[in-house]
>>> print(open('model_11.csv').read())   # CSV, C-alpha atoms
chain,number,residue,atom,x,y,z
X,132,MET,CA,6.0,-0.5,14.9
X,133,GLY,CA,4.9,-4.1,14.6
X,134,ASN,CA,2.8,-5.6,11.9
X,135,THR,CA,-0.1,-8.0,12.4
X,136,HIS,CA,-0.5,-10.9,10.0
X,137,HIS,CA,-3.5,-10.4,7.6
X,138,ALA,CA,-4.6,-7.2,9.3
X,139,ILE,CA,-5.2,-3.9,7.4
X,140,ASP,CA,-1.8,-2.4,7.5
X,141,TYR,CA,-1.4,0.4,4.9
X,142,ILE,CA,-3.4,2.5,2.5
X,143,GLU,CA,-2.5,4.1,-0.8
X,144,LEU,CA,-4.2,7.2,-2.2
X,145,GLY,CA,-4.0,7.9,-6.0
X,146,ALA,CA,-2.6,11.3,-7.0
X,147,THR,CA,-2.9,13.2,-10.3
X,148,ASP,CA,-0.3,15.7,-9.1
X,149,LEU,CA,1.9,14.2,-6.4
X,150,PRO,CA,3.6,17.4,-5.2
X,151,ALA,CA,0.2,19.2,-4.9
X,152,LEU,CA,-1.4,16.2,-3.1
X,153,ARG,CA,1.6,16.0,-0.7
X,154,ALA,CA,1.4,19.7,0.0
X,155,PHE,CA,-2.3,19.4,0.7
X,156,TYR,CA,-1.8,16.7,3.4
X,157,GLU,CA,1.2,18.4,4.9
X,158,THR,CA,-0.8,21.7,5.2
X,159,ALA,CA,-4.2,20.3,6.2
X,160,PHE,CA,-3.1,17.5,8.6
X,161,GLY,CA,0.7,18.0,9.3
X,162,TRP,CA,1.6,14.7,7.6
X,163,ASN,CA,5.2,13.9,6.9
X,164,PHE,CA,6.5,11.9,4.0
X,165,ASN,CA,9.3,9.7,2.8
X,166,ASP,CA,10.3,10.4,-0.8
X,167,TYR,CA,10.6,7.6,-3.4
X,168,GLY,CA,10.8,9.6,-6.6
X,169,LEU,CA,8.3,11.2,-8.9
X,170,GLU,CA,5.6,8.5,-8.6
X,171,TYR,CA,5.4,7.8,-4.8
X,172,ALA,CA,5.6,9.4,-1.4
X,173,GLY,CA,5.3,7.2,1.8
X,174,ILE,CA,3.1,8.6,4.6
X,175,ARG,CA,5.1,8.4,7.8
X,176,ALA,CA,3.4,7.0,10.9
X,177,VAL,CA,2.7,9.4,13.7
X,178,GLY,CA,5.9,9.5,15.7
X,179,GLY,CA,8.0,8.6,12.6
X,180,ASP,CA,8.2,4.9,13.2
X,181,GLY,CA,7.4,3.3,9.8
X,182,GLU,CA,4.8,4.2,7.3
X,183,VAL,CA,1.0,3.9,7.3
X,184,GLY,CA,0.3,4.6,3.7
X,185,GLY,CA,1.4,6.4,0.5
X,186,LEU,CA,0.5,8.8,-2.3
X,187,THR,CA,1.0,7.4,-5.8
X,188,THR,CA,0.6,8.5,-9.4
X,189,LEU,CA,0.5,4.8,-10.3
X,190,ARG,CA,-3.1,4.5,-9.1
X,191,ALA,CA,-6.0,6.6,-10.4
X,192,PRO,CA,-7.7,8.6,-7.6
X,193,GLY,CA,-11.5,8.7,-7.3
X,194,ALA,CA,-14.1,6.1,-7.8
X,195,ALA,CA,-11.6,3.2,-7.8
X,196,GLY,CA,-10.8,4.2,-4.2
X,197,PRO,CA,-7.6,3.8,-2.2
X,198,LEU,CA,-5.7,0.6,-2.1
X,199,VAL,CA,-5.9,-1.2,1.2
X,200,LEU,CA,-2.8,-3.4,2.0
X,201,LEU,CA,-2.7,-6.3,4.4
X,202,TYR,CA,0.5,-7.5,6.0
X,203,SER,CA,1.7,-11.1,5.6
X,204,ARG,CA,4.4,-13.1,7.4
X,205,ASP,CA,4.5,-15.4,4.4
X,206,LEU,CA,3.6,-13.7,1.1
X,207,ASP,CA,3.7,-16.9,-1.1
X,208,ALA,CA,1.4,-18.7,1.3
X,209,SER,CA,-1.0,-15.7,1.2
X,210,VAL,CA,-0.9,-15.8,-2.6
X,211,GLY,CA,-2.0,-19.5,-2.4
X,212,ALA,CA,-4.7,-18.7,0.2
X,213,VAL,CA,-6.2,-15.9,-2.0
X,214,GLU,CA,-6.3,-18.2,-5.1
X,215,ARG,CA,-7.8,-21.1,-3.2
X,216,ALA,CA,-10.5,-18.8,-1.8
X,217,GLY,CA,-11.5,-17.7,-5.3
X,218,GLY,CA,-9.5,-14.5,-5.6
X,219,ILE,CA,-7.7,-13.4,-8.7
X,220,ILE,CA,-4.1,-12.2,-8.5
X,221,SER,CA,-4.0,-8.9,-10.5
X,222,SER,CA,-0.3,-8.1,-10.1
X,223,GLY,CA,2.8,-9.6,-8.6
X,224,PRO,CA,4.3,-10.8,-6.4
X,225,TYR,CA,6.9,-8.2,-7.1
X,226,ASP,CA,9.7,-6.5,-5.1
X,227,PHE,CA,9.4,-2.9,-3.9
X,228,PRO,CA,11.7,-0.8,-1.6
X,229,GLY,CA,11.4,-2.7,1.7
X,230,GLY,CA,9.7,-5.9,0.7
X,231,ARG,CA,7.5,-7.8,-1.7
X,232,ARG,CA,3.8,-7.5,-2.5
X,233,PHE,CA,0.9,-8.5,-4.8
X,234,THR,CA,-2.6,-7.3,-5.5
X,235,PHE,CA,-5.7,-9.3,-6.0
X,236,LEU,CA,-9.4,-9.0,-6.9
X,237,ASP,CA,-11.9,-10.4,-4.5
X,238,PRO,CA,-15.1,-12.1,-5.8
X,239,SER,CA,-16.9,-8.8,-5.9
X,240,GLY,CA,-14.1,-7.1,-7.9
X,241,ASN,CA,-12.5,-5.1,-5.0
X,242,GLU,CA,-8.7,-4.8,-5.4
X,243,LEU,CA,-6.6,-5.2,-2.2
X,244,GLY,CA,-2.9,-5.8,-1.8
X,245,VAL,CA,-0.8,-7.9,0.5
X,246,TRP,CA,2.8,-7.1,1.4
X,247,SER,CA,5.7,-8.6,3.4
X,248,GLU,CA,9.1,-7.4,4.5
X,249,ALA,CA,12.2,-8.2,2.3
>>> encode(input="model_11.csv", output="structure tokens")
Amino acid sequence: MGNTHHAIDYIELGATDLPALRAFYETAFGWNFNDYGLEYAGIRAVGGDGEVGGLTTLRAPGAAGPLVLLYSRDLDASVGAVERAGGIISSGPYDFPGGRRFTFLDPSGNELGVWSEA
């Protein structure tokens, strides 16, 4: 599965009860998951090649909405581009299993994330 630079690449859904939310998506849609502990489950891509999203207890569900992630070939350059364009880095960059990422607020206050491979 290839990634496209600066394209929507991944989405995270907040969970109040990770096992229950995972069971819901498994039952309702046949989704499969990669386990990363008590706070995160990665949503496997159809066909099993990579991931397309995740369920996380680290993000509140509801009105805040899911977190959209963009892919970057050069994370540090993307941090600079966001800042130069008027965005505010809200977290990171930081390491996670498989890569690095940061989140930012756009001028309207929407939070998005950008990730790159390790």
>>> residues_around(input="model_11.csv", residues="range 147-155 of chain X", least_positions_apart="4", cutoff="9 Å", atoms="only C-alpha atoms", output="list of chain:residue names")
X:Ala159, X:Phe160, X:Trp162, X:Asn163, X:Phe164, X:Leu169, X:Glu170, X:Tyr171, X:Ala172, X:Leu186, X:Thr187, X:Thr188, X:Arg190, X:Ala191, X:Pro192
>>> closest_residue(input="model_11.csv", among="X:Gly218, X:Pro228, X:Ser239, X:Asp207", to="Asn165 in chain X", atoms="all atoms listed in the file")
X:Pro228
>>> residues_around(input="model_11.csv", residues="Arg231 in chain X", least_positions_apart="2", cutoff="6 Å", atoms="only C-alpha atoms", output="MDAnalysis selection string")
chainID X and resid 225:227 246:247
>>> atom_distance(input="model_11.csv", atom1="CA of Arg204 in chain X", atom2="CA of Gly229 in chain X")
13.8 Å
>>> closest_residue(input="model_11.csv", among="X:Gly168, X:Gly181, X:Gly211, X:Gly193", to="Phe233 in chain X", atoms="only C-alpha atoms")
X:Gly211
>>> decode(input="model_11.csv", residues="range 190-221 of chain X", atoms="N, CA, C and O atoms", output="tab-separated table (two decimals), in the first residue's frame")
chain	number	residue	atom	x	y	z
X	190	ARG	N	-8.32	10.07	22.49
X	190	ARG	CA	-9.05	11.15	21.84
X	190	ARG	C	-10.53	11.01	22.19
X	190	ARG	O	-11.10	9.93	22.05
X	191	ALA	N	-11.13	12.07	22.64
X	191	ALA	CA	-12.54	12.02	23.01
X	191	ALA	C	-13.41	11.86	21.77
X	191	ALA	O	-13.21	12.55	20.78
X	192	PRO	N	-14.38	10.96	21.81
X	192	PRO	CA	-15.31	10.84	20.69
X	192	PRO	C	-16.34	11.96	20.73
X	192	PRO	O	-16.44	12.68	21.72
X	193	GLY	N	-17.06	12.11	19.64
X	193	GLY	CA	-18.16	13.06	19.63
X	193	GLY	C	-17.88	14.32	18.85
X	193	GLY	O	-17.28	14.28	17.78
X	194	ALA	N	-18.29	15.45	19.43
X	194	ALA	CA	-18.27	16.73	18.72
X	194	ALA	C	-16.89	17.11	18.19
X	194	ALA	O	-16.79	17.79	17.18
X	195	ALA	N	-15.82	16.71	18.87
X	195	ALA	CA	-14.48	17.04	18.38
X	195	ALA	C	-14.19	16.35	17.06
X	195	ALA	O	-13.35	16.80	16.29
X	196	GLY	N	-14.87	15.26	16.78
X	196	GLY	CA	-14.73	14.55	15.52
X	196	GLY	C	-13.49	13.70	15.44
X	196	GLY	O	-12.61	13.76	16.29
X	197	PRO	N	-13.40	12.89	14.41
X	197	PRO	CA	-12.23	12.05	14.21
X	197	PRO	C	-11.02	12.88	13.79
X	197	PRO	O	-11.16	14.00	13.30
X	198	LEU	N	-9.85	12.31	13.99
X	198	LEU	CA	-8.61	12.98	13.61
X	198	LEU	C	-8.19	12.49	12.22
X	198	LEU	O	-7.95	11.31	12.02
X	199	VAL	N	-8.14	13.42	11.28
X	199	VAL	CA	-7.68	13.11	9.92
X	199	VAL	C	-6.17	13.25	9.89
X	199	VAL	O	-5.62	14.24	10.38
X	200	LEU	N	-5.48	12.26	9.32
X	200	LEU	CA	-4.03	12.28	9.22
X	200	LEU	C	-3.59	12.35	7.77
X	200	LEU	O	-4.12	11.64	6.91
X	201	LEU	N	-2.63	13.22	7.49
X	201	LEU	CA	-2.01	13.33	6.18
X	201	LEU	C	-0.67	12.62	6.24
X	201	LEU	O	-0.03	12.57	7.30
X	202	TYR	N	-0.22	12.10	5.12
X	202	TYR	CA	1.09	11.45	5.04
X	202	TYR	C	2.10	12.46	4.53
X	202	TYR	O	1.80	13.29	3.68
X	203	SER	N	3.33	12.39	5.04
X	203	SER	CA	4.41	13.27	4.58
X	203	SER	C	5.67	12.47	4.30
X	203	SER	O	6.04	11.60	5.09
X	204	ARG	N	6.33	12.79	3.21
X	204	ARG	CA	7.65	12.19	2.93
X	204	ARG	C	8.73	12.84	3.79
X	204	ARG	O	9.78	12.26	4.01
X	205	ASP	N	8.49	14.07	4.27
X	205	ASP	CA	9.47	14.81	5.07
X	205	ASP	C	8.72	15.54	6.18
X	205	ASP	O	8.24	16.66	5.99
X	206	LEU	N	8.62	14.90	7.34
X	206	LEU	CA	7.81	15.43	8.43
X	206	LEU	C	8.29	16.80	8.90
X	206	LEU	O	7.48	17.70	9.13
X	207	ASP	N	9.60	16.98	9.04
X	207	ASP	CA	10.11	18.26	9.52
X	207	ASP	C	9.79	19.39	8.55
X	207	ASP	O	9.45	20.50	8.97
X	208	ALA	N	9.86	19.12	7.26
X	208	ALA	CA	9.49	20.13	6.26
X	208	ALA	C	8.00	20.45	6.36
X	208	ALA	O	7.60	21.61	6.20
X	209	SER	N	7.18	19.44	6.64
X	209	SER	CA	5.74	19.68	6.78
X	209	SER	C	5.43	20.51	8.01
X	209	SER	O	4.54	21.37	7.98
X	210	VAL	N	6.18	20.30	9.12
X	210	VAL	CA	6.01	21.14	10.31
X	210	VAL	C	6.26	22.60	9.92
X	210	VAL	O	5.46	23.49	10.24
X	211	GLY	N	7.35	22.85	9.22
X	211	GLY	CA	7.68	24.20	8.79
X	211	GLY	C	6.62	24.80	7.88
X	211	GLY	O	6.26	25.97	8.02
X	212	ALA	N	6.11	24.00	6.97
X	212	ALA	CA	5.09	24.49	6.04
X	212	ALA	C	3.81	24.87	6.78
X	212	ALA	O	3.19	25.89	6.48
X	213	VAL	N	3.42	24.06	7.77
X	213	VAL	CA	2.22	24.36	8.56
X	213	VAL	C	2.41	25.67	9.32
X	213	VAL	O	1.53	26.54	9.32
X	214	GLU	N	3.57	25.82	9.95
X	214	GLU	CA	3.83	27.04	10.72
X	214	GLU	C	3.87	28.28	9.82
X	214	GLU	O	3.27	29.31	10.15
X	215	ARG	N	4.53	28.17	8.67
X	215	ARG	CA	4.61	29.31	7.74
X	215	ARG	C	3.24	29.70	7.21
X	215	ARG	O	2.98	30.86	6.93
X	216	ALA	N	2.34	28.73	7.08
X	216	ALA	CA	1.01	29.00	6.55
X	216	ALA	C	0.06	29.54	7.63
X	216	ALA	O	-1.08	29.90	7.32
X	217	GLY	N	0.52	29.60	8.87
X	217	GLY	CA	-0.32	30.14	9.94
X	217	GLY	C	-0.95	29.11	10.85
X	217	GLY	O	-1.76	29.46	11.71
X	218	GLY	N	-0.57	27.84	10.70
X	218	GLY	CA	-1.08	26.80	11.59
X	218	GLY	C	-0.31	26.79	12.90
X	218	GLY	O	0.81	27.32	12.99
X	219	ILE	N	-0.89	26.18	13.91
X	219	ILE	CA	-0.26	26.07	15.22
X	219	ILE	C	-0.03	24.59	15.52
X	219	ILE	O	-0.97	23.79	15.48
X	220	ILE	N	1.21	24.22	15.80
X	220	ILE	CA	1.53	22.84	16.15
X	220	ILE	C	0.96	22.58	17.54
X	220	ILE	O	1.31	23.27	18.50
X	221	SER	N	0.08	21.59	17.66
X	221	SER	CA	-0.56	21.30	18.94
X	221	SER	C	0.11	20.15	19.69
X	221	SER	O	-0.01	20.07	20.91
